[in-house]
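As stored in work-v7.cif (mmCIF, C-alpha atoms):
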data_model
#
loop_
_atom_site.group_PDB
_atom_site.id
_atom_site.type_symbol
_atom_site.label_atom_id
_atom_site.label_comp_id
_atom_site.auth_asym_id
_atom_site.auth_seq_id
_atom_site.Cartn_x
_atom_site.Cartn_y
_atom_site.Cartn_z
ATOM 1 C CA GLY A 1 121.622 83.654 275.079
ATOM 2 C CA GLY A 2 119.679 85.731 272.656
ATOM 3 C CA HIS A 3 120.758 88.977 274.305
ATOM 4 C CA THR A 4 123.965 88.714 272.314
ATOM 5 C CA SER A 5 122.365 87.153 269.260
ATOM 6 C CA ASN A 6 123.012 90.198 267.049
ATOM 7 C CA ILE A 7 126.731 89.840 267.646
ATOM 8 C CA GLU A 8 126.539 86.077 267.135
ATOM 9 C CA VAL A 9 124.756 86.428 263.821
ATOM 10 C CA ALA A 10 127.165 89.114 262.617
ATOM 11 C CA ASP A 11 130.095 86.947 263.693
ATOM 12 C CA VAL A 12 129.008 83.900 261.693
ATOM 13 C CA LEU A 13 127.709 85.563 258.534
ATOM 14 C CA ASP A 14 130.762 84.440 256.592
ATOM 15 C CA ASN A 15 130.458 80.857 257.805
ATOM 16 C CA PRO A 16 126.921 80.001 259.030
ATOM 17 C CA ALA A 17 128.005 76.492 259.994
ATOM 18 C CA THR A 18 129.737 77.955 263.061
ATOM 19 C CA TYR A 19 126.533 79.469 264.478
ATOM 20 C CA ASP A 20 125.881 76.533 266.812
ATOM 21 C CA ARG A 21 129.324 76.944 268.375
ATOM 22 C CA SER A 22 128.785 80.681 268.810
ATOM 23 C CA TYR A 23 125.347 80.127 270.327
ATOM 24 C CA PHE A 24 126.785 77.519 272.711
ATOM 25 C CA TRP A 25 129.344 79.989 274.057
ATOM 26 C CA SER A 26 126.667 82.623 274.536
ATOM 27 C CA TYR A 27 124.702 80.130 276.645
ATOM 28 C CA ILE A 28 127.812 79.488 278.713
ATOM 29 C CA TYR A 29 128.041 83.237 279.280
ATOM 30 C CA VAL A 30 124.402 83.470 280.349
ATOM 31 C CA PHE A 31 124.467 80.478 282.673
ATOM 32 C CA THR A 32 127.792 81.324 284.331
ATOM 33 C CA LEU A 33 127.452 85.104 284.713
ATOM 34 C CA THR A 34 123.927 86.364 284.179
ATOM 35 C CA MET A 35 121.820 83.641 285.805
ATOM 36 C CA PRO A 36 123.810 83.340 289.079
ATOM 37 C CA ASN A 37 123.810 87.113 289.430
ATOM 38 C CA ALA A 38 120.053 87.325 288.905
ATOM 39 C CA VAL A 39 119.347 84.425 291.286
ATOM 40 C CA MET A 40 121.528 85.884 294.042
ATOM 41 C CA CYS A 41 120.017 89.366 293.682
ATOM 42 C CA TYR A 42 116.479 88.013 293.855
ATOM 43 C CA HIS A 43 117.460 85.796 296.794
ATOM 44 C CA THR A 44 119.043 88.696 298.708
ATOM 45 C CA TYR A 45 116.627 91.483 297.783
ATOM 46 C CA GLY A 46 113.525 89.483 296.857
ATOM 47 C CA GLN A 47 110.821 91.425 298.697
ATOM 48 C CA GLU A 48 112.406 94.810 298.020
ATOM 49 C CA ALA A 49 112.812 93.965 294.315
ATOM 50 C CA ARG A 50 109.069 93.377 293.987
ATOM 51 C CA TYR A 51 108.375 97.035 294.641
ATOM 52 C CA ASN A 52 111.486 98.631 293.171
ATOM 53 C CA ALA A 53 111.916 98.481 289.408
ATOM 54 C CA ASN A 54 115.551 99.633 289.459
ATOM 55 C CA SER A 55 117.848 97.113 291.104
ATOM 56 C CA PHE A 56 120.662 99.629 291.540
ATOM 57 C CA ASN A 57 118.484 101.416 294.123
ATOM 58 C CA LEU A 58 118.584 98.262 296.249
ATOM 59 C CA PHE A 59 122.354 98.087 296.548
ATOM 60 C CA PRO A 60 124.149 100.144 299.202
ATOM 61 C CA ARG A 61 126.207 103.069 297.912
ATOM 62 C CA SER A 62 129.690 101.823 297.155
ATOM 63 C CA PRO A 63 132.348 102.062 294.465
ATOM 64 C CA ALA A 64 131.241 98.641 293.191
ATOM 65 C CA ARG A 65 127.649 99.863 292.714
ATOM 66 C CA ASP A 66 128.873 103.021 290.981
ATOM 67 C CA PHE A 67 131.073 100.921 288.693
ATOM 68 C CA GLY A 68 128.069 98.708 287.920
ATOM 69 C CA ILE A 69 126.004 101.765 286.979
ATOM 70 C CA ILE A 70 128.780 103.007 284.683
ATOM 71 C CA MET A 71 129.113 99.598 283.028
ATOM 72 C CA MET A 72 125.331 99.315 282.570
ATOM 73 C CA SER A 73 125.266 102.770 280.982
ATOM 74 C CA LEU A 74 128.011 101.700 278.553
ATOM 75 C CA HIS A 75 126.086 98.499 277.861
ATOM 76 C CA GLN A 76 122.976 100.503 277.046
ATOM 77 C CA ALA A 77 124.906 102.765 274.659
ATOM 78 C CA VAL A 78 126.342 99.763 272.802
ATOM 79 C CA ALA A 79 122.942 98.040 272.730
ATOM 80 C CA PHE A 80 121.367 101.191 271.306
ATOM 81 C CA GLY A 81 123.951 101.186 268.525
ATOM 82 C CA LEU A 82 123.348 97.514 267.763
ATOM 83 C CA PHE A 83 119.576 97.666 267.772
ATOM 84 C CA ALA A 84 119.260 101.070 266.070
ATOM 85 C CA GLY A 85 121.731 100.153 263.320
ATOM 86 C CA PRO A 86 119.113 98.619 261.011
ATOM 87 C CA LEU A 87 116.874 101.654 261.528
ATOM 88 C CA PHE A 88 119.778 103.916 260.607
ATOM 89 C CA HIS A 89 120.348 101.955 257.406
ATOM 90 C CA MET A 90 116.661 102.136 256.454
ATOM 91 C CA TRP A 91 116.622 105.860 257.237
ATOM 92 C CA GLU A 92 119.676 106.426 255.032
ATOM 93 C CA LYS A 93 118.067 104.507 252.171
ATOM 94 C CA LEU A 94 114.823 106.452 252.606
ATOM 95 C CA THR A 95 116.635 109.802 252.526
ATOM 96 C CA HIS A 96 118.955 108.650 249.699
ATOM 97 C CA ILE A 97 122.173 109.389 251.568
ATOM 98 C CA HIS A 98 123.407 105.818 251.992
ATOM 99 C CA ASP A 99 126.336 106.447 249.626
ATOM 100 C CA ARG A 100 127.428 109.740 251.215
ATOM 101 C CA PRO A 101 130.400 110.147 253.612
ATOM 102 C CA PHE A 102 129.968 108.891 257.155
ATOM 103 C CA LEU A 103 129.873 112.369 258.707
ATOM 104 C CA VAL A 104 126.877 113.327 256.539
ATOM 105 C CA ARG A 105 125.103 110.084 257.457
ATOM 106 C CA ALA A 106 125.884 110.573 261.166
ATOM 107 C CA PHE A 107 124.311 114.038 261.205
ATOM 108 C CA ALA A 108 121.342 112.769 259.196
ATOM 109 C CA ARG A 109 120.707 110.165 261.906
ATOM 110 C CA LEU A 110 120.096 112.843 264.552
ATOM 111 C CA PRO A 111 116.395 113.416 263.684
ATOM 112 C CA LEU A 112 115.808 109.671 263.964
ATOM 113 C CA CYS A 113 117.600 109.594 267.327
ATOM 114 C CA GLY A 114 115.467 112.552 268.452
ATOM 115 C CA PHE A 115 112.300 110.703 267.475
ATOM 116 C CA MET A 116 113.448 107.586 269.362
ATOM 117 C CA LEU A 117 114.269 109.757 272.392
ATOM 118 C CA PHE A 118 110.780 111.285 272.214
ATOM 119 C CA LEU A 119 109.223 107.807 272.181
ATOM 120 C CA ALA A 120 111.426 106.693 275.073
ATOM 121 C CA VAL A 121 110.350 109.648 277.195
ATOM 122 C CA ALA A 122 106.706 109.441 276.171
ATOM 123 C CA PHE A 123 106.407 105.683 276.756
ATOM 124 C CA PRO A 124 108.956 104.609 279.377
ATOM 125 C CA PHE A 125 109.267 100.833 279.038
ATOM 126 C CA PHE A 126 110.380 100.393 282.609
ATOM 127 C CA GLY A 127 108.709 98.523 285.416
ATOM 128 C CA ALA A 128 105.317 96.966 284.730
ATOM 129 C CA ILE A 129 105.260 97.749 280.995
ATOM 130 C CA ASN A 130 108.715 96.227 280.567
ATOM 131 C CA ALA A 131 107.672 93.129 282.501
ATOM 132 C CA ILE A 132 104.585 92.611 280.332
ATOM 133 C CA LEU A 133 106.503 93.103 277.087
ATOM 134 C CA GLY A 134 109.268 90.811 278.301
ATOM 135 C CA ALA A 135 106.785 88.098 279.227
ATOM 136 C CA LEU A 136 105.049 88.257 275.860
ATOM 137 C CA THR A 137 108.029 88.742 273.539
ATOM 138 C CA THR A 138 110.988 87.053 275.225
ATOM 139 C CA SER A 139 111.609 83.344 275.252
ATOM 140 C CA PHE A 140 113.747 81.586 277.833
ATOM 141 C CA GLY A 141 116.534 81.284 275.289
ATOM 142 C CA THR A 142 116.914 85.062 275.192
ATOM 143 C CA TYR A 143 117.283 85.487 278.942
#
Taking this structure as input, can you express it in the form of structure tokens?
Amino acid sequence: GGHTSNIEVADVLDNPATYDRSYFWSYIYVFTLTMPNAVMCYHTYGQEARYNANSFNLFPRSPARDFGIIMMSLHQAVAFGLFAGPLFHMWEKLTHIHDRPFLVRAFARLPLCGFMLFLAVAFPFFGAINAILGALTTSFGTY
């Protein structure tokens, strides 16, 4: 699936001929883990899910739910790093610090992170907005 496409592309940069194999295994991941989970959650909590944008609110309190929340939080942190990486590189080029030590570049990224945090709080892409954007910008292959 396209959700892991950044990792797939980075993995095959040295040998682009292996991209089809990498993409195949990502589809296996999506269709054996993600799709059955989504289908079962919508089957079990279908009506409640229509009116509740956060699926973790639907699950009863348990260690498994808490573990799922922790894992999703880690997933979001990693995804932020993957998707913000190109912005960090452009920011470093713009501020002419791309050849400085990592610690300098890391601190220089903080204003950019603050701006992204401001946008995230100002325009929360959760619920209806997220559904509209997903419908218009996401193909089935990136499920």
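Separating atom CA of Met72 of chain A from atom CA of Leu33 of chain A is a distance of 14.5 Å.
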Margin query: What's the separation between atom CA of Leu94 of chain A and atom CA of Phe107 of chain A, in Å to one decimal place?
Written below: 14.9 Å
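Rounded to one decimal, atom CA of Ala122 of chain A and atom CA of Leu58 of chain A lie 25.9 Å from each other.
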Given all atoms listed in the file, how would the per-residue table for segment 55-78 of chain A near segment 38-51 of chain A read, listing every residue at most 12 Å away with its closest atom pair and distance in Å to one decimal, sorted by chain and number, as a Markdown table?
| residue | atom | partner | partner_atom | distance |
| --- | --- | --- | --- | --- |
| A:Ser55 | CA | A:Ala49 | CA | 6.8 |
| A:Phe56 | CA | A:Ala49 | CA | 10.1 |
| A:Asn57 | CA | A:Ala49 | CA | 9.4 |
| A:Leu58 | CA | A:Tyr45 | CA | 7.2 |
| A:Phe59 | CA | A:Tyr45 | CA | 8.8 |
| A:Pro60 | CA | A:Tyr45 | CA | 11.6 |
Note to self: I'd like the neighbourhood of Thr95 of chain A as a VMD selection string, where a residue qualifies if any of its atoms comes within 10 Å (using only C-alpha atoms), though same-chain residues fewer than 5 positions away should be ignored.
What the structure shows: chain A and resid 89 to 90 105 108
Note to self: So that I can see what lies close to Ala106 of chain A, please list as a ChimeraX atom specification the residues with an atom at most 12 Å from it, counting only C-alpha atoms and leaving out residues fewer than 3 positions away in the same chain.
What the structure shows: /A:85,88-89,91-92,97-98,100-103,109-113
